[in-house]
$ cat work.cif   # mmCIF, C-alpha atoms and all ligand atoms
data_model
loop_
_atom_site.label_atom_id
_atom_site.label_comp_id
_atom_site.auth_asym_id
_atom_site.auth_seq_id
_atom_site.Cartn_x
_atom_site.Cartn_y
_atom_site.Cartn_z
CA MET A 1 -11.82 -1.61 -21.21
CA LYS A 2 -9.17 -0.18 -18.90
CA GLN A 3 -8.06 -3.18 -16.84
CA SER A 4 -5.48 -1.72 -14.44
CA PRO A 5 -4.90 1.67 -12.85
CA ASP A 6 -1.96 3.42 -14.50
CA ASN A 7 0.77 2.67 -12.00
CA ARG A 8 3.52 2.99 -14.61
CA PRO A 9 4.83 6.42 -13.49
CA HIS A 10 5.10 5.16 -9.90
CA PHE A 11 7.05 2.01 -10.85
CA ASN A 12 9.16 3.80 -13.48
CA ALA A 13 10.29 6.26 -10.80
CA ALA A 14 11.05 3.44 -8.34
CA ALA A 15 12.91 1.11 -10.74
CA GLU A 16 16.49 2.33 -10.46
CA THR A 17 16.62 2.04 -6.66
CA TRP A 18 14.18 -0.91 -6.32
CA ASP A 19 16.87 -3.44 -5.37
CA ALA A 20 18.44 -1.12 -2.79
CA ASN A 21 15.69 -2.07 -0.33
CA PRO A 22 16.82 -5.27 1.48
CA ARG A 23 13.20 -6.04 2.46
CA ARG A 24 12.33 -6.55 -1.23
CA VAL A 25 15.42 -8.65 -1.93
CA ASN A 26 14.67 -10.82 1.10
CA LEU A 27 11.03 -11.21 0.19
CA ALA A 28 11.84 -12.38 -3.34
CA ARG A 29 14.35 -14.87 -1.92
CA GLN A 30 11.72 -16.28 0.45
CA VAL A 31 9.08 -16.50 -2.29
CA ALA A 32 11.57 -18.37 -4.52
CA GLN A 33 12.24 -20.82 -1.68
CA SER A 34 8.51 -21.37 -1.10
CA MET A 35 7.91 -21.94 -4.81
CA LYS A 36 10.73 -24.49 -4.84
CA LYS A 37 9.11 -26.30 -1.91
CA GLN A 38 5.58 -26.28 -3.35
CA LEU A 39 6.13 -26.92 -7.07
CA PRO A 40 7.69 -29.90 -8.92
CA PHE A 41 10.04 -27.79 -11.07
CA GLN A 42 11.21 -29.42 -14.32
CA THR A 43 14.17 -28.25 -16.38
CA ASP A 44 12.08 -28.32 -19.60
CA TRP A 45 9.38 -25.94 -18.32
CA ASN A 46 8.50 -22.69 -20.12
CA ALA A 47 7.18 -20.09 -17.68
CA LEU A 48 5.52 -16.68 -17.69
CA GLU A 49 5.92 -14.11 -14.91
CA ILE A 50 3.48 -11.24 -14.38
CA GLY A 51 4.98 -8.05 -12.89
CA CYS A 52 8.63 -9.17 -12.85
CA GLY A 53 9.94 -5.76 -11.76
CA THR A 54 13.76 -5.74 -11.79
CA GLY A 55 13.87 -9.54 -11.82
CA LEU A 56 14.42 -10.28 -8.11
CA LEU A 57 12.29 -13.43 -8.43
CA THR A 58 12.78 -13.89 -12.18
CA CYS A 59 16.48 -14.72 -11.92
CA PRO A 60 16.30 -17.50 -9.29
CA VAL A 61 13.26 -19.11 -10.97
CA SER A 62 14.88 -18.94 -14.44
CA SER A 63 17.76 -21.10 -13.21
CA MET A 64 15.36 -24.02 -12.56
CA ILE A 65 13.57 -24.08 -15.95
CA ALA A 66 14.10 -23.90 -19.73
CA SER A 67 12.71 -20.43 -20.52
CA LEU A 68 10.95 -17.56 -18.85
CA THR A 69 8.96 -14.72 -20.40
CA ALA A 70 8.96 -11.85 -17.90
CA LEU A 71 6.22 -9.21 -18.26
CA ASP A 72 6.03 -5.81 -16.67
CA THR A 73 4.06 -2.68 -17.58
CA SER A 74 6.95 -0.47 -16.44
CA GLU A 75 9.60 0.01 -19.12
CA LYS A 76 12.10 1.22 -16.49
CA MET A 77 11.67 -2.00 -14.49
CA ILE A 78 12.30 -3.96 -17.70
CA ASP A 79 15.42 -1.77 -18.33
CA GLU A 80 16.77 -2.85 -14.92
CA LEU A 81 16.08 -6.50 -15.70
CA ASN A 82 17.80 -6.12 -19.08
CA LYS A 83 20.90 -4.70 -17.31
CA LYS A 84 21.06 -7.86 -15.15
CA ILE A 85 20.64 -10.10 -18.19
CA CYS A 86 23.47 -8.25 -20.00
CA LYS A 87 25.80 -9.00 -17.08
CA GLN A 88 25.16 -12.75 -17.51
CA ARG A 89 26.80 -14.61 -20.40
CA THR A 90 23.63 -16.43 -21.37
CA SER A 91 20.06 -15.97 -20.35
CA ASN A 92 16.83 -17.86 -20.86
CA ILE A 93 14.78 -14.79 -19.83
CA GLN A 94 12.76 -12.81 -22.39
CA PRO A 95 11.70 -9.47 -20.84
CA VAL A 96 8.56 -7.88 -22.34
CA VAL A 97 6.98 -4.50 -21.59
CA SER A 98 3.33 -5.46 -21.40
CA ASP A 99 0.22 -5.54 -19.31
CA ILE A 100 -1.11 -9.03 -18.67
CA PHE A 101 -4.38 -8.11 -20.42
CA SER A 102 -2.71 -7.12 -23.71
CA PHE A 103 -0.22 -10.00 -23.81
CA PRO A 104 0.74 -11.24 -26.35
CA HIS A 105 0.49 -8.12 -28.50
CA ILE A 106 0.07 -10.34 -31.59
CA PRO A 107 -2.66 -12.85 -30.65
CA GLU A 108 -1.41 -15.37 -33.23
CA GLN A 109 1.78 -15.62 -31.14
CA THR A 110 -0.08 -16.94 -28.10
CA LYS A 111 1.94 -19.65 -26.37
CA LYS A 112 0.92 -21.81 -23.44
CA TYR A 113 3.04 -22.23 -20.32
CA HIS A 114 3.91 -24.97 -17.81
CA LEU A 115 4.08 -22.37 -15.04
CA ILE A 116 2.72 -18.86 -14.54
CA PHE A 117 3.79 -16.94 -11.46
CA SER A 118 3.71 -13.52 -9.87
CA SER A 119 4.87 -11.85 -6.66
CA MET A 120 3.43 -8.68 -5.09
CA THR A 121 1.73 -7.70 -8.34
CA PHE A 122 -1.86 -8.88 -7.97
CA HIS A 123 -2.73 -6.18 -5.41
CA HIS A 124 -1.93 -3.68 -8.19
CA ILE A 125 -4.33 -5.33 -10.67
CA GLU A 126 -7.83 -3.91 -10.43
CA ASN A 127 -9.63 -6.72 -12.26
CA VAL A 128 -8.37 -9.77 -10.39
CA ASP A 129 -11.01 -12.13 -11.82
CA GLY A 130 -10.17 -11.01 -15.36
CA ALA A 131 -6.45 -11.53 -14.74
CA LEU A 132 -7.00 -15.03 -13.31
CA GLN A 133 -9.17 -15.91 -16.30
CA LYS A 134 -6.44 -14.71 -18.65
CA LEU A 135 -3.76 -16.71 -16.81
CA PHE A 136 -5.93 -19.83 -16.88
CA SER A 137 -6.21 -19.46 -20.68
CA LEU A 138 -2.40 -19.18 -20.99
CA LEU A 139 -1.63 -22.33 -18.98
CA LEU A 140 -1.03 -25.73 -20.54
CA PRO A 141 -3.31 -28.52 -19.29
CA GLY A 142 -1.68 -29.71 -16.06
CA GLY A 143 0.16 -26.37 -15.75
CA TYR A 144 0.85 -24.64 -12.44
CA LEU A 145 -0.04 -21.19 -11.13
CA ALA A 146 1.87 -19.59 -8.22
CA ILE A 147 0.81 -16.22 -6.83
CA ALA A 148 2.50 -14.57 -3.88
CA ASP A 149 0.84 -11.53 -2.38
CA LEU A 150 -0.10 -9.78 0.84
CA ASP A 151 -2.62 -11.26 3.21
CA GLU A 152 -5.37 -8.76 3.95
CA GLU A 153 -3.61 -5.73 5.44
CA ASP A 154 -4.62 -2.65 7.42
CA GLY A 155 -4.58 -0.28 4.43
CA TYR A 156 -1.34 1.35 5.56
CA PHE A 157 1.18 -0.95 3.84
CA HIS A 158 1.77 1.40 0.90
CA ASN A 159 3.46 4.76 1.56
CA ASP A 160 1.37 6.63 -1.00
CA SER A 161 -2.30 6.88 0.00
CA ASN A 162 -3.19 7.78 -3.61
CA GLU A 163 -1.90 4.45 -4.95
CA LYS A 164 -4.97 2.49 -6.06
CA VAL A 165 -4.38 -1.01 -4.68
CA HIS A 166 -6.17 -3.94 -3.08
CA HIS A 167 -5.31 -4.02 0.62
CA GLY A 168 -4.08 -7.58 0.33
CA PHE A 169 -6.36 -10.59 -0.06
CA ARG A 170 -8.29 -12.92 2.22
CA ARG A 171 -7.11 -16.44 1.44
CA ASN A 172 -10.60 -17.99 1.50
CA LEU A 173 -11.97 -15.37 -0.92
CA PHE A 174 -8.96 -15.65 -3.21
CA GLN A 175 -9.45 -19.43 -3.21
CA LYS A 176 -13.06 -18.92 -4.34
CA GLN A 177 -11.87 -16.65 -7.17
CA LEU A 178 -9.39 -19.33 -8.29
CA LEU A 179 -12.09 -22.03 -8.15
CA GLN A 180 -14.46 -19.84 -10.19
CA GLN A 181 -11.91 -19.63 -13.01
CA GLY A 182 -11.50 -23.43 -13.04
CA PHE A 183 -8.28 -23.91 -11.07
CA THR A 184 -7.85 -27.12 -9.04
CA ASP A 185 -5.41 -28.40 -6.37
CA ILE A 186 -5.41 -24.99 -4.67
CA SER A 187 -3.22 -24.60 -1.62
CA PHE A 188 -1.90 -21.73 0.46
CA SER A 189 1.23 -21.38 2.52
CA THR A 190 2.92 -18.46 4.26
CA ALA A 191 5.90 -17.52 2.11
CA ALA A 192 7.23 -14.60 4.16
CA LYS A 193 6.70 -12.20 7.02
CA LEU A 194 7.96 -8.68 6.56
CA THR A 195 8.25 -5.91 9.08
CA LYS A 196 8.14 -2.28 8.02
CA THR A 197 7.22 1.13 9.34
CA ASN A 198 3.91 1.74 7.63
CA ARG A 199 2.21 4.90 6.43
CA ALA A 200 0.76 5.47 9.92
CA ASN A 201 4.39 5.46 11.19
CA ILE A 202 3.83 2.22 13.08
CA GLU A 203 6.21 -0.74 12.82
CA LYS A 204 4.08 -3.65 11.67
CA THR A 205 4.57 -7.19 10.46
CA TYR A 206 2.74 -8.16 7.28
CA THR A 207 2.46 -11.70 5.92
CA VAL A 208 2.78 -12.79 2.32
CA PHE A 209 1.00 -15.94 1.14
CA LEU A 210 1.91 -18.21 -1.73
CA ALA A 211 -1.14 -19.63 -3.50
CA THR A 212 -0.47 -22.55 -5.83
CA ALA A 213 -3.03 -24.11 -8.14
CA ARG A 214 -3.28 -26.20 -11.31
CA LYS A 215 -5.16 -26.31 -14.54
CA SER A 216 -6.54 -29.83 -14.79
CA THR A 217 -4.89 -32.17 -17.31
CA GLU A 218 -8.35 -32.72 -18.86
CA GLN A 219 -8.75 -29.09 -20.03
C1 LIG A 301 5.35 -4.38 -6.19
S1 LIG A 301 6.14 -4.59 -7.73
C2 LIG A 301 6.82 -6.24 -7.58
C3 LIG A 301 7.94 -6.50 -8.53
C4 LIG A 301 8.62 -7.86 -8.39
N1 LIG A 301 7.67 -8.92 -8.60
C5 LIG A 301 9.29 -7.98 -7.03
O1 LIG A 301 8.82 -8.78 -6.23
O2 LIG A 301 10.28 -7.27 -6.81
C6 LIG A 301 4.78 -4.84 -8.87
C7 LIG A 301 5.21 -4.87 -10.31
O3 LIG A 301 4.10 -5.23 -11.12
C8 LIG A 301 4.07 -4.40 -12.29
N2 LIG A 301 2.65 -4.36 -12.73
C9 LIG A 301 1.62 -3.71 -12.14
N3 LIG A 301 0.47 -3.95 -12.79
C10 LIG A 301 0.79 -4.80 -13.81
C11 LIG A 301 0.03 -5.43 -14.85
N4 LIG A 301 -1.29 -5.21 -14.96
N5 LIG A 301 0.67 -6.25 -15.74
C12 LIG A 301 2.03 -6.46 -15.63
N6 LIG A 301 2.79 -5.87 -14.67
C13 LIG A 301 2.18 -5.07 -13.77
C14 LIG A 301 4.65 -3.08 -11.81
O4 LIG A 301 5.16 -2.29 -12.87
C15 LIG A 301 5.73 -3.54 -10.83
O5 LIG A 301 6.98 -3.71 -11.45
#
$ encode --input "work.cif" --output "C-alpha cells"
Amino acid sequence: MKQSPDNRPHFNAAAETWDANPRRVNLARQVAQSMKKQLPFQTDWNALEIGCGTGLLTCPVSSMIASLTALDTSEKMIDELNKKICKQRTSNIQPVVSDIFSFPHIPEQTKKYHLIFSSMTFHHIENVDGALQKLFSLLLPGGYLAIADLDEEDGYFHNDSNEKVHHGFRRNLFQKQLLQQGFTDISFSTAAKLTKTNRANIEKTYTVFLATARKSTEQ
C-alpha cells in the first residue's frame, strides 16, 4: 500500500537552502524548548525522529540524550544532516533515508525507543492513523511521543497548491486519533507562532502545537 504522497522531489529540491529561512530555524528552536519543558529528558534515552530534514531539531535534541536515529524520505535532506554531523567531532545521530512505514528495512533489526518525535512532518503523511500505530509499536513501555505540527490552517500555508498535505490538525481530533492507538497522558501546548505571507499573498500568523503522549508502562 502506498502510505505517503511522493514528496521526495519537493524536499530534495528544498534541502540545500532549507536552513537559509530564519522562520524554520526559529520554529525548530521553539519546538526544542517546548519539548524540554514538557518531557523528562534522560541522558540514557534512545530516540527516533520522523522527518528530521536537515537536522534543525535533531541537533538540539541529540545533545540531551544517548542516541538518536533520524529518518527522512529525502536523501538530500539526509545529505545536509550528514554535512552537519561531519563538522562535529563526535555525534550520537544516525541518519537514515527511510519512510516511517518501511522502517526498519530489515524487520529483525526493530528496536524500541524511549522517545519518538517529529516536527512539521505529520501534515505530509497521508495515513496519520497508520503512522501513529507504527510509532506506538516502536515505543518502549512508558516511552514518550512528541509531535509538533500546524493547528488547523486556512489551506494557504504552503506555497505550492499541488502539494498534497493536511491543512494542519484540530487538537481535539488529533487527541482522539492518539487515544485510538492506545496513547495515554496526552497533552497539548502551543510551541510556536509563525507569521508568513501565505499563498494568497496575505501576511498571516499560524500556530504550531506540541502534542505529547505516552505508551503505558503496562504495554
Ligand atoms: C516540513 S519538513 C520538516 C523538516 C524538519 N523536521 C524541520 O522542522 O526543519 C518535513 C520533512 O519530512 C520528510 N517526510 C515527509 N514524509 C515523510 C515520511 N512519510 N517519512 C519520513 N519523512 C518524511 C520530508 O522529506 C521533510 O524533510
$ closest_residue --input "work.cif" --among "A:Leu39, A:Ala191, A:Leu81, A:Ile100" --to "ligand LIG 301 (chain A)" --atoms "all atoms listed in the file"
A:Ile100
$ closest_residue --input "work.cif" --among "A:Thr121, A:Gln30, A:Thr43, A:Asn21" --to "ligand LIG 301 (chain A)" --atoms "only C-alpha atoms and all ligand atoms"
A:Thr121
$ residues_around --input "work.cif" --residues "Asp151 (chain A)" --least-positions-apart "4" --cutoff "9 Å" --atoms "all atoms listed in the file" --output "PyMOL selection string"
chain A and resi 167-171+206-209
$ closest_residue --input "work.cif" --among "A:Ala213, A:Leu138, A:Val25, A:Ile65" --to "Lys111 (chain A)" --atoms "all atoms listed in the file"
A:Leu138
$ atom_distance --input "work.cif" --atom1 "atom C14 of ligand LIG 301 (chain A)" --atom2 "CA of Ala192 (chain A)"
19.9 Å
$ residues_near_ligand --input "work.cif" --ligand "ligand LIG 301 (chain A)" --cutoff "9 Å" --atoms "all atoms listed in the file" --output "VMD selection string"
chain A and resid 3 to 12 14 to 15 18 to 19 24 to 25 27 to 28 31 49 to 58 71 to 78 97 to 103 118 to 127 131 148
$ atom_distance --input "work.cif" --atom1 "CA of Ile147 (chain A)" --atom2 "CA of Thr90 (chain A)"
27.1 Å
$ residues_near_point --input "work.cif" --point "(5.6, 3.5, -0.7)" --cutoff "10 Å" --atoms "only C-alpha atoms" --output "ChimeraX atom specification"
/A:10,14,156-161,163,198-199
